[in-house]
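Containing compact mmCIF, C-alpha atoms: work-v2.txt.
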```
# COMPACT_ATOMS: atom_id res chain seq x y z
CA MET A 1 65.13 193.34 101.56
CA PRO A 2 66.66 194.75 98.31
CA TYR A 3 68.22 197.52 100.43
CA ALA A 4 69.69 194.94 102.81
CA LEU A 5 71.15 193.02 99.89
CA SER A 6 72.64 196.15 98.34
CA GLN A 7 74.28 197.02 101.66
CA LEU A 8 75.79 193.55 101.92
CA PHE A 9 77.17 193.77 98.38
CA TRP A 10 78.63 197.21 99.12
CA ARG A 11 80.32 196.03 102.31
CA ARG A 12 81.73 192.96 100.61
CA ASN A 13 83.14 194.98 97.71
CA ALA A 14 84.53 197.58 100.11
CA GLY A 15 86.22 194.82 102.08
CA GLU A 16 87.89 193.42 98.98
CA SER A 17 89.30 196.82 97.99
CA SER A 18 90.18 198.31 101.36
CA PRO A 19 92.35 196.47 103.93
CA GLN A 20 90.91 198.65 106.70
CA VAL A 21 87.47 197.05 106.37
CA MET A 22 88.48 193.51 105.47
CA LEU A 23 86.66 190.78 107.35
CA HIS A 24 88.58 189.65 110.41
CA THR A 25 89.05 185.93 109.88
CA ASP A 26 90.13 185.53 113.50
CA ALA A 27 86.71 186.68 114.75
CA PRO A 28 84.90 184.09 116.93
CA VAL A 29 82.22 183.53 114.29
CA PHE A 30 84.83 182.09 111.94
CA ARG A 31 85.86 179.51 114.54
CA LEU A 32 82.38 178.03 114.81
CA PRO A 33 81.90 174.58 113.27
CA ALA A 34 79.91 174.72 110.04
CA GLU A 35 77.20 172.50 111.53
CA LEU A 36 76.67 174.88 114.45
CA LEU A 37 76.65 177.93 112.18
CA GLY A 38 73.99 176.24 110.06
CA VAL A 39 71.80 175.69 113.12
CA ILE A 40 72.22 179.36 114.09
CA PHE A 41 71.15 180.36 110.58
CA LEU A 42 67.85 178.53 111.11
CA PHE A 43 66.92 181.12 113.73
CA ALA A 44 67.05 183.81 111.04
CA LEU A 45 64.06 182.29 109.26
CA ILE A 46 60.61 183.77 109.78
CA ASP A 47 58.10 181.56 111.57
CA GLU A 48 54.85 183.50 111.11
CA TRP A 49 53.07 185.54 108.47
CA GLU A 50 53.47 189.29 108.52
CA PRO A 51 50.09 191.10 108.45
CA MET A 52 48.81 191.50 104.90
CA THR A 53 47.97 195.11 104.07
CA GLU A 54 46.95 197.04 100.97
CA PHE A 55 50.24 198.97 101.06
CA ASP A 56 52.84 196.20 101.14
CA ASP A 57 54.05 194.12 98.22
CA ALA A 58 53.75 190.37 97.98
CA ALA A 59 57.00 188.79 99.07
CA PHE A 60 58.97 185.58 99.18
CA PRO A 61 61.22 185.71 102.25
CA VAL A 62 64.80 185.36 101.08
CA GLU A 63 66.74 185.10 104.35
CA PRO A 64 68.80 182.10 103.11
CA VAL A 65 69.85 184.11 100.04
CA VAL A 66 70.86 187.08 102.21
CA LEU A 67 72.92 184.83 104.49
CA SER A 68 74.65 183.26 101.50
CA HIS A 69 75.79 186.70 100.26
CA VAL A 70 77.59 187.82 103.43
CA CYS A 71 80.89 186.06 102.77
CA ARG A 72 82.32 182.92 101.21
CA LEU A 73 82.15 180.92 104.45
CA TRP A 74 78.52 181.80 105.06
CA ARG A 75 77.67 181.02 101.45
CA ASP A 76 79.24 177.57 101.72
CA VAL A 77 77.37 176.88 104.95
CA ALA A 78 74.04 178.16 103.60
CA LEU A 79 74.30 176.08 100.43
CA ALA A 80 75.35 172.96 102.33
CA HIS A 81 72.62 173.27 104.99
CA SER A 82 69.57 171.85 103.18
CA ALA A 83 67.22 172.51 106.10
CA LEU A 84 67.72 176.24 105.59
CA TRP A 85 65.86 175.97 102.29
CA SER A 86 63.09 173.64 103.44
CA THR A 87 60.65 176.38 104.54
CA LEU A 88 58.70 178.10 101.77
CA TRP A 89 56.59 181.23 102.31
CA ILE A 90 54.55 182.18 99.24
CA ASP A 91 52.60 185.39 99.78
CA ARG A 92 50.05 186.30 97.07
CA PRO A 93 51.59 184.31 94.19
CA ARG A 94 53.42 186.34 91.53
CA LYS A 95 55.60 185.39 88.55
CA ALA A 96 58.77 186.04 90.56
CA HIS A 97 57.76 183.26 92.95
CA LEU A 98 58.13 180.51 90.33
CA PRO A 99 61.96 180.52 90.05
CA MET A 100 62.25 181.04 93.81
CA VAL A 101 60.12 177.97 94.55
CA GLN A 102 62.20 175.94 92.10
CA LEU A 103 65.41 177.11 93.79
CA TRP A 104 64.15 176.28 97.28
CA LEU A 105 62.95 172.82 96.19
CA GLU A 106 66.33 172.09 94.60
CA ARG A 107 68.47 173.29 97.51
CA SER A 108 66.32 171.66 100.20
CA ALA A 109 67.40 168.28 98.75
CA SER A 110 65.54 165.52 100.61
CA CYS A 111 64.50 167.57 103.68
CA SER A 112 60.87 167.57 104.76
CA LEU A 113 59.07 170.72 103.60
CA SER A 114 57.12 173.34 105.53
CA ILE A 115 54.93 175.15 103.00
CA SER A 116 52.90 178.31 103.64
CA LEU A 117 50.90 179.80 100.79
CA ARG A 118 48.23 182.48 100.96
CA GLN A 119 46.26 184.35 98.32
CA THR A 120 45.10 187.95 98.50
CA ASP A 121 42.58 188.45 101.29
CA TYR A 122 40.04 191.22 100.70
CA ALA A 123 39.43 191.63 104.44
CA GLN A 124 43.06 192.70 104.89
CA THR A 125 43.92 194.42 101.61
CA PHE A 126 40.55 195.69 100.29
CA SER A 127 41.34 194.04 96.97
CA ASN A 128 40.41 190.70 95.42
CA PRO A 129 42.79 188.11 93.99
CA THR A 130 43.10 188.28 90.22
CA GLN A 131 42.74 185.49 87.68
CA GLU A 132 46.49 185.74 87.10
CA GLU A 133 47.11 185.07 90.80
CA HIS A 134 44.80 182.04 90.61
CA ASP A 135 46.65 180.69 87.55
CA LEU A 136 50.08 181.31 89.08
CA THR A 137 48.94 179.48 92.21
CA ASP A 138 48.20 176.46 90.03
CA GLN A 139 51.68 176.65 88.49
CA ILE A 140 53.32 176.84 91.92
CA LEU A 141 51.20 173.96 93.20
CA LEU A 142 52.29 171.83 90.24
CA LEU A 143 55.91 172.41 91.28
CA LEU A 144 55.10 171.48 94.89
CA LEU A 145 53.09 168.40 93.89
CA GLY A 146 56.27 166.87 92.55
CA HIS A 147 57.51 166.74 96.16
CA THR A 148 54.39 165.59 98.07
CA HIS A 149 56.41 162.79 99.67
CA ARG A 150 58.37 165.52 101.50
CA TRP A 151 55.41 167.61 102.71
CA TYR A 152 55.55 167.96 106.50
CA SER A 153 53.65 171.15 107.34
CA LEU A 154 51.01 172.79 105.14
CA ARG A 155 49.41 176.19 105.71
CA LEU A 156 47.25 176.98 102.69
CA SER A 157 44.83 179.90 102.51
CA PHE A 158 42.89 180.00 99.24
CA THR A 159 40.57 182.93 98.51
CA THR A 160 39.79 182.08 94.88
CA SER A 161 37.86 179.18 93.34
CA ALA A 162 39.17 175.61 93.50
CA GLN A 163 42.70 175.08 92.22
CA GLN A 164 42.73 172.61 89.31
CA ALA A 165 46.26 171.51 90.16
CA LEU A 166 44.91 169.83 93.30
CA ALA A 167 42.01 168.04 91.59
CA SER A 168 43.94 164.77 91.32
CA PHE A 169 45.46 164.91 94.81
CA SER A 170 44.83 161.64 96.64
CA THR A 171 45.25 160.26 100.16
CA GLY A 172 48.54 158.46 99.62
CA ASP A 173 50.31 161.39 97.98
CA ALA A 174 51.42 163.14 101.19
CA SER A 175 52.43 160.37 103.56
CA MET A 176 54.57 162.59 105.86
CA VAL A 177 52.15 165.46 106.56
CA GLN A 178 51.87 166.17 110.30
CA HIS A 179 50.52 169.74 110.42
CA VAL A 180 47.66 171.10 108.30
CA SER A 181 46.00 174.53 108.24
CA LEU A 182 43.63 174.78 105.29
CA GLU A 183 41.16 177.47 104.19
CA THR A 184 39.02 176.85 101.09
CA ASP A 185 36.04 179.15 101.69
CA ARG A 186 35.54 180.02 97.99
CA TRP A 187 35.84 176.47 96.68
CA ASP A 188 32.83 174.46 95.56
CA CYS A 189 31.73 171.82 98.10
CA GLN A 190 32.81 168.84 96.01
CA SER A 191 36.36 170.08 95.45
CA ALA A 192 36.77 171.22 99.06
CA ASP A 193 35.48 167.93 100.51
CA ALA A 194 37.73 165.87 98.24
CA PHE A 195 40.89 167.81 99.15
CA HIS A 196 40.09 167.98 102.88
CA SER A 197 39.33 164.26 102.95
CA ALA A 198 42.58 163.39 101.18
CA LEU A 199 44.72 165.51 103.53
CA TYR A 200 42.95 164.56 106.74
CA SER A 201 43.21 160.85 105.90
CA CYS A 202 46.98 160.96 106.16
CA PRO A 203 47.95 158.60 109.02
CA SER A 204 50.82 160.87 110.12
CA LEU A 205 48.57 163.94 110.71
CA ARG A 206 48.96 165.22 114.28
CA ARG A 207 48.37 169.00 114.27
CA LEU A 208 45.28 170.66 112.84
CA ASN A 209 44.24 174.30 112.56
CA LEU A 210 40.52 174.51 111.80
CA PRO A 211 39.21 177.64 110.04
CA SER A 212 35.83 179.10 110.97
CA SER A 213 34.24 177.39 107.95
CA ALA A 214 35.53 173.92 108.88
CA LYS A 215 33.15 170.96 109.09
CA ASN A 216 33.27 167.89 111.30
CA GLU A 217 33.55 165.46 108.40
CA HIS A 218 36.86 163.70 107.71
CA ILE A 219 38.63 164.99 110.85
CA PRO A 220 40.66 162.18 112.52
CA TRP A 221 40.17 163.35 116.11
CA SER A 222 41.67 160.23 117.70
CA GLN A 223 45.15 160.74 116.18
CA LEU A 224 45.49 164.50 116.80
CA THR A 225 47.89 165.87 119.41
CA HIS A 226 47.37 169.61 118.72
CA ILE A 227 44.13 171.39 117.80
CA GLU A 228 43.56 175.08 117.15
CA SER A 229 39.92 175.62 116.30
CA ALA A 230 38.20 178.75 114.99
CA PRO A 231 34.65 177.30 114.83
CA GLU A 232 32.56 178.01 117.92
CA TRP A 233 31.00 175.00 119.67
CA THR A 234 28.52 174.48 122.49
CA LEU A 235 29.96 173.15 125.74
CA ASP A 236 28.50 169.69 125.06
CA THR A 237 29.90 169.62 121.52
CA CYS A 238 33.30 170.64 122.85
CA LEU A 239 33.27 167.85 125.44
CA SER A 240 32.09 165.34 122.85
CA ILE A 241 35.00 166.23 120.58
CA LEU A 242 37.52 166.18 123.43
CA SER A 243 36.32 162.71 124.41
CA SER A 244 37.53 161.50 121.01
CA CYS A 245 41.00 163.05 121.42
CA SER A 246 42.74 160.64 123.77
CA THR A 247 46.24 161.68 122.62
CA LEU A 248 45.63 165.44 122.76
CA GLN A 249 48.51 167.53 124.15
CA SER A 250 47.46 171.09 123.26
CA ALA A 251 44.10 172.63 122.41
CA SER A 252 42.71 176.08 121.64
CA LEU A 253 38.90 176.12 121.57
CA THR A 254 35.93 178.51 121.59
CA CYS A 255 32.67 177.69 123.36
CA SER A 256 29.62 179.73 122.44
CA ALA A 257 25.91 180.06 123.01
CA ASP A 258 25.62 180.68 119.26
CA PRO A 259 27.68 177.81 117.76
CA ASP A 260 28.89 177.29 114.20
CA TRP A 261 28.35 173.53 114.32
CA PRO A 262 25.08 171.70 115.11
CA SER A 263 24.68 171.08 118.83
CA VAL A 264 25.00 167.60 120.28
CA SER A 265 23.94 166.22 123.64
CA PHE A 266 26.77 164.92 125.80
CA SER A 267 26.71 164.25 129.54
CA GLU A 268 29.83 162.17 130.23
CA CYS A 269 32.98 163.21 132.05
CA VAL A 270 36.21 163.47 130.05
CA SER A 271 39.79 162.77 131.12
CA LEU A 272 42.69 163.89 128.94
CA PRO A 273 45.85 162.45 130.54
CA ARG A 274 48.27 163.95 128.00
CA LEU A 275 46.88 167.47 127.73
CA VAL A 276 49.52 170.01 128.78
CA SER A 277 48.23 173.29 127.32
CA LEU A 278 44.60 174.45 127.11
CA SER A 279 43.19 177.73 125.81
CA ILE A 280 39.43 178.28 126.02
CA THR A 281 37.33 181.24 124.95
CA GLY A 282 33.81 181.57 126.31
CA SER A 283 31.59 183.66 124.04
CA ARG A 284 28.33 184.65 125.72
CA THR A 285 28.53 181.57 127.90
CA ASP A 286 30.27 180.68 131.14
CA LEU A 287 32.50 177.61 131.32
CA ALA A 288 31.51 176.07 134.66
CA SER A 289 29.73 173.03 133.21
CA LEU A 290 32.81 172.35 131.07
CA PHE A 291 35.17 172.54 134.06
CA ASP A 292 32.85 170.27 136.05
CA ARG A 293 33.30 167.38 133.60
CA LEU A 294 37.02 167.62 132.83
CA THR A 295 40.02 165.95 134.47
CA LEU A 296 43.45 167.10 133.27
CA PRO A 297 46.24 165.51 135.35
CA ASN A 298 49.14 166.95 133.30
CA LEU A 299 47.79 170.44 132.65
CA ALA A 300 50.60 173.01 132.94
CA SER A 301 49.28 176.02 131.00
CA LEU A 302 45.73 177.40 131.04
CA SER A 303 44.39 180.45 129.21
CA LEU A 304 40.82 181.71 129.67
CA GLU A 305 39.13 184.45 127.70
CA TYR A 306 35.57 185.66 128.26
CA ARG A 307 33.60 187.66 125.73
CA HIS A 308 30.37 189.28 126.88
CA VAL A 309 29.68 186.82 129.70
CA PRO A 310 27.38 188.50 132.25
CA HIS A 311 27.77 185.97 135.08
CA LEU A 312 30.88 184.12 136.22
CA ASP A 313 29.63 183.13 139.66
CA ARG A 314 30.28 179.38 139.30
CA ASP A 315 33.37 179.47 137.10
CA PRO A 316 36.02 180.18 139.79
CA HIS A 317 34.73 177.41 142.05
CA SER A 318 34.40 174.95 139.17
CA LEU A 319 37.92 175.77 138.00
CA HIS A 320 39.24 175.34 141.55
CA ASP A 321 37.59 171.92 141.71
CA LEU A 322 38.97 170.94 138.29
CA LEU A 323 42.53 171.75 139.37
CA ALA A 324 42.08 169.97 142.71
CA ARG A 325 40.54 166.91 141.05
CA SER A 326 43.28 166.75 138.43
CA HIS A 327 46.20 167.12 140.90
CA CYS A 328 48.04 169.01 138.16
CA ASN A 329 50.93 171.43 138.55
CA LEU A 330 49.75 174.58 136.77
CA THR A 331 52.71 176.84 135.97
CA ALA A 332 51.15 179.38 133.56
CA PHE A 333 47.73 181.05 133.76
CA SER A 334 46.14 183.79 131.67
CA LEU A 335 42.79 185.49 132.29
CA HIS A 336 41.30 187.89 129.76
CA GLU A 337 37.83 189.38 129.86
CA LYS A 338 36.20 191.94 127.63
CA ALA A 339 33.86 193.16 130.32
CA ARG A 340 30.92 195.46 129.77
CA ALA A 341 31.64 197.40 132.95
CA MET A 342 34.64 197.82 135.22
CA ASP A 343 34.48 195.40 138.16
CA THR A 344 37.77 194.91 139.99
CA GLN A 345 36.21 192.86 142.80
CA ARG A 346 34.84 190.32 140.34
CA HIS A 347 38.30 189.48 139.04
CA LEU A 348 39.91 189.56 142.48
CA ARG A 349 37.37 186.96 143.65
CA PHE A 350 38.09 184.85 140.57
CA ILE A 351 41.86 184.81 141.19
CA ALA A 352 41.57 184.45 144.97
CA THR A 353 39.23 181.46 144.67
CA CYS A 354 41.56 179.58 142.32
CA ALA A 355 44.85 180.65 143.93
CA PRO A 356 45.13 177.72 146.41
CA GLN A 357 45.29 175.33 143.45
CA MET A 358 47.81 177.51 141.59
CA ILE A 359 50.49 177.58 144.24
CA GLY A 360 53.17 176.54 141.73
CA LEU A 361 52.36 179.30 139.25
CA LEU A 362 55.42 180.78 137.50
CA SER A 363 53.73 182.99 134.89
CA LEU A 364 50.56 185.07 135.26
CA GLU A 365 48.92 187.29 132.65
CA LEU A 366 45.88 189.39 133.50
CA GLN A 367 43.93 191.38 130.96
CA VAL A 368 41.10 192.29 133.30
CA ASP A 369 40.15 195.06 135.72
CA VAL A 370 43.13 195.09 138.08
CA GLY A 371 42.59 196.95 141.33
CA ASP A 372 44.85 197.77 144.29
CA ALA A 373 44.07 194.53 146.11
CA LEU A 374 44.90 192.28 143.18
CA ALA A 375 48.08 194.24 142.38
CA ARG A 376 49.26 193.92 146.00
CA CYS A 377 48.41 190.21 146.29
CA SER A 378 50.24 189.42 143.07
CA THR A 379 53.48 191.08 144.18
CA ALA A 380 53.35 191.16 147.98
CA THR A 381 56.70 190.91 149.79
CA ASP A 382 57.75 189.85 153.26
CA ARG A 383 58.46 193.43 154.21
CA GLU A 384 54.80 194.22 153.55
CA HIS A 385 53.77 191.45 155.99
CA GLU A 386 51.53 189.96 153.33
CA SER A 387 51.65 186.46 151.93
CA PRO A 388 51.69 186.44 148.15
CA MET A 389 49.08 184.41 146.33
CA PHE A 390 51.76 182.92 144.10
CA PRO A 391 55.07 182.63 146.00
CA GLY A 392 57.03 181.20 143.05
CA LEU A 393 55.78 183.69 140.47
CA LYS A 394 58.52 184.80 138.07
CA SER A 395 56.60 186.62 135.33
CA LEU A 396 53.61 188.94 135.73
CA SER A 397 51.90 190.76 132.86
CA LEU A 398 49.10 193.27 133.41
CA VAL A 399 47.66 194.09 129.98
CA GLY A 400 45.40 197.06 129.33
CA LEU A 401 45.80 198.40 132.85
CA ARG A 402 43.95 201.66 133.58
CA ARG A 403 46.12 203.77 135.83
CA LYS A 404 43.24 205.17 137.80
CA GLN A 405 42.37 201.64 138.95
CA VAL A 406 45.61 201.24 140.90
CA ALA A 407 47.19 203.77 143.22
CA GLN A 408 50.44 205.07 141.77
CA GLY A 409 52.50 203.72 144.66
CA ASN A 410 51.10 200.24 144.19
CA LEU A 411 51.69 200.44 140.45
CA VAL A 412 55.34 201.29 141.10
CA ASP A 413 55.59 198.39 143.55
CA THR A 414 54.06 196.11 140.95
CA ARG A 415 56.53 197.16 138.27
CA HIS A 416 59.53 197.04 140.62
CA SER A 417 58.74 194.18 142.95
CA GLN A 418 61.29 193.47 145.70
CA ARG A 419 60.56 189.75 145.56
CA PRO A 420 63.82 188.03 144.58
CA ALA A 421 62.00 185.34 142.57
CA MET A 422 60.33 187.86 140.27
CA TYR A 423 62.39 188.54 137.16
CA SER A 424 59.75 189.87 134.77
CA VAL A 425 56.99 192.32 135.60
CA ASP A 426 55.24 193.99 132.71
CA SER A 427 52.31 196.38 133.04
CA LEU A 428 51.04 197.46 129.66
CA ALA A 429 49.03 200.46 130.74
CA GLY A 430 46.09 201.88 128.88
CA PRO A 431 45.06 205.52 128.74
CA CYS A 432 45.07 207.69 131.85
CA ASP A 433 41.31 207.90 131.97
```
Show this structure as structure tokens.
Amino acid sequence: MPYALSQLFWRRNAGESSPQVMLHTDAPVFRLPAELLGVIFLFALIDEWEPMTEFDDAAFPVEPVVLSHVCRLWRDVALAHSALWSTLWIDRPRKAHLPMVQLWLERSASCSLSISLRQTDYAQTFSNPTQEEHDLTDQILLLLLGHTHRWYSLRLSFTTSAQQALASFSTGDASMVQHVSLETDRWDCQSADAFHSALYSCPSLRRLNLPSSAKNEHIPWSQLTHIESAPEWTLDTCLSILSSCSTLQSASLTCSADPDWPSVSFSECVSLPRLVSLSITGSRTDLASLFDRLTLPNLASLSLEYRHVPHLDRDPHSLHDLLARSHCNLTAFSLHEKARAMDTQRHLRFIATCAPQMIGLLSLELQVDVGDALARCSTATDREHESPMFPGLKSLSLVGLRRKQVAQGNLVDTRHSQRPAMYSVDSLAGPCD
């Protein structure tokens, strides 16, 4: 980033002193309305954490500052567009972050705030957070606490002991919070419970990311529309929780034979009329009994991942019945299995069994053992006198494909399908083993 800034300064100075490199004020970008240019600038902001490593330095993304140093017009637009300053990324708090946070809070005016803060994670950097980092986190939090009425999205990952700045945080402080992702593994139970309870009690909360250490207490299941859960649950526990989420629109869950939460007994069927996107991971357990008790009339996207599941005999049939019972229009499907042994027929049977209920599929991702038959069925053309499983398919991704599993001619046909509807075919091949 310092290099990028230095280049911008150099180009600006060169433009002021040399007519040959002056900015062309008749360029199309200068004819854009300021409001539209501000919206375009929003796409320059980062929307996810970069991986934390032991080699990189802690950073505070400064894209709005960079944009404001390109030229006078861009500076005026950047300073006038408050939303551009409403997203704060605080990576491993350092002294330099304090004035940056103050600047962002000032320039964001009355906009709702999206705040992401993470402390040093030993698992990623092989180093522990220092006491100075803990103290600086408290100072940054004190700045942010002055704007709790503007908090909209919170992603907080604490790897030190409880932060004293949050000790007095109460339920009514953050009345606008809609998205919470909170990790407090190193906190004492009393401090963690108090902060979780205060955040989760916010009536506007709709999206929740649960870390692996999360507990069931204080979670307002009935008001959530989006859930991304790291804890592993039994199938019955999963169904019990889903039965409490009548407004759920998107869910990412893990079912396991070795759950993180205490098991519950649940035998009822569950209907989720608003659920559009569902991602389920089965860890050492099949998912048939879950499929058997679900009805999802608006399901459009389904992702399944299996980890060390020896038998999937019932799953394809149960999934077929779920889709038929729900009368949903599935447009995206992903199947991923970390199998113990290569078995192309197993996955062909899985796809073939479910295919009649996926006739409207537009996007298919397979990270399984793909053989000749499955490759042909996925991309068959009229000239081959074969009917494709998915006639409307537009995007096909074959991840981790072993070249020896598919004849080279079929692999070429898969990558360069003649079907006019297909506009994206991606085979991410593995080693030529």
request  = Kindly give the distance, in Å, that separates CA of Leu330 in chain A and CA of Ser250 in chain A, rounded to a single decimal.
outcome  =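 Going from CA of Leu330 in chain A over to CA of Ser250 in chain A, I get 14.1 Å.
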Per residue of range 91-174 of chain A within 12 Å of range 63-68 of chain A, record the nearest atom pair and its distance in Å to one decimal, counting all atoms listed in the file, with rows in chain order and ascending residue number, as CSV.
```
residue,atom,partner,partner_atom,distance
A:Met100,CA,A:Val65,CA,10.3
A:Leu103,CA,A:Val65,CA,10.4
A:Trp104,CA,A:Pro64,CA,9.5
A:Arg107,CA,A:Pro64,CA,10.4
A:Ser108,CA,A:Pro64,CA,11.1
```
task = Using all atoms listed in the file, find the one residue out of A:Thr160, A:Leu98, A:Phe195, A:Leu393 that sits nearest to Gln139 in chain A.
result =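 Answer, going by the shortest atom-to-atom distance: A:Leu98.
Using only C-alpha atoms for every distance, the candidate list A:Asp138, A:Glu228, A:Glu305, A:Asp292 yields A:Asp292 as the residue closest to Arg325 in chain A.
The protein and nucleic acid residues lying at most 7 Å from Thr281 in chain A are Leu253, Thr254, Cys255, Leu304, Glu305 and Tyr306 of chain A, with only C-alpha atoms considered and sequence neighbours fewer than 3 positions away removed.
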Residues from the last selection, C-alpha atoms, saved as a PDB file, in the coordinates of the input:
```pdb
ATOM      1  CA  LEU A 253      38.900 176.120 121.570  1.00  0.00           C
ATOM      2  CA  THR A 254      35.930 178.510 121.590  1.00  0.00           C
ATOM      3  CA  CYS A 255      32.670 177.690 123.360  1.00  0.00           C
ATOM      4  CA  LEU A 304      40.820 181.710 129.670  1.00  0.00           C
ATOM      5  CA  GLU A 305      39.130 184.450 127.700  1.00  0.00           C
ATOM      6  CA  TYR A 306      35.570 185.660 128.260  1.00  0.00           C
TER       7      TYR A 306
END
```
inquiry  = For a cutoff of 10 Å around the file-coordinate point (37.8, 165.9, 109.8), which residues qualify once you count only C-alpha atoms? I'd like the result as a ChimeraX atom specification.
reply    = /A:193,196-197,199-201,208,210,214-221
request  = Identify, on the basis of all atoms listed in the file, every residue whose closest approach to range 150-156 of chain A does not exceed 9 Å; exclude the query and any residue fewer than 4 positions from it along the same chain; express the result as a list in words.
outcome  = Ser110, Cys111, Ser112, Leu113, Ser114, Ile115, Ser116, Leu117, Arg118, Gln119, Leu144, Ala174, Ser175, Met176, Val177, Gln178, His179, Val180, Ser181, Leu182, Glu183, Thr184, Arg207 and Asn209 of chain A
task = Enumerate, as a list in words, the protein, DNA and RNA residues whose atoms approach (48.7, 182.1, 129.1) to within 8 Å, taking into account only C-alpha atoms and the coordinate frame of the file.
result =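 Final list of nearby residues, as requested, is Ser279, Ser301, Leu302, Ser303, Leu304, Ala332, Phe333, Ser334, Leu335, Ser363, Leu364 and Glu365 of chain A.
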key: CA of Pro316 in chain A to CA of Pro356 in chain A, distance in Å rounded to a single decimal   =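 Between CA of Pro316 in chain A and CA of Pro356 in chain A the gap is 11.5 Å.
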request  = Find the distance between CA of Thr247 in chain A and CA of Cys269 in chain A and write it in Å to one decimal.
outcome  =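 CA of Cys269 in chain A lies at a distance of 16.3 Å from CA of Thr247 in chain A.
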inquiry  = List as a VMD selection string the protein and nucleic acid residues near Gly282 in chain A, meaning an atom at most 12 Å away when all atoms listed in the file are counted, but skip any in the same chain fewer than 2 places from it.
reply    = chain A and resid 232 to 235 238 252 to 259 279 to 280 284 to 291 303 to 312 315 335 to 338
inquiry  = List the spatial neighbours of Ile46 in chain A as an MDAnalysis selection string - criterion: any atom at most 9 Å away, all atoms listed in the file, same-chain residues fewer than 3 positions off excluded.
reply    = chainID A and resid 43 49 61 63 89
message = Which residues are near Asp121 in chain A? Cut-off 10 Å, all atoms listed in the file, ignore same chain within fewer than 3 positions. Put them as a count of residues only.
response = 15
Test item: axis-aligned box, all listed atoms of range 145-148 of chain A, 4 Å on each side, centre and edges in Å rounded to one decimal, as AutoDock Vina command-line options:
```
--center_x 55.3 --center_y 167.0 --center_z 95.3 --size_x 12.4 --size_y 10.8 --size_z 13.5
```
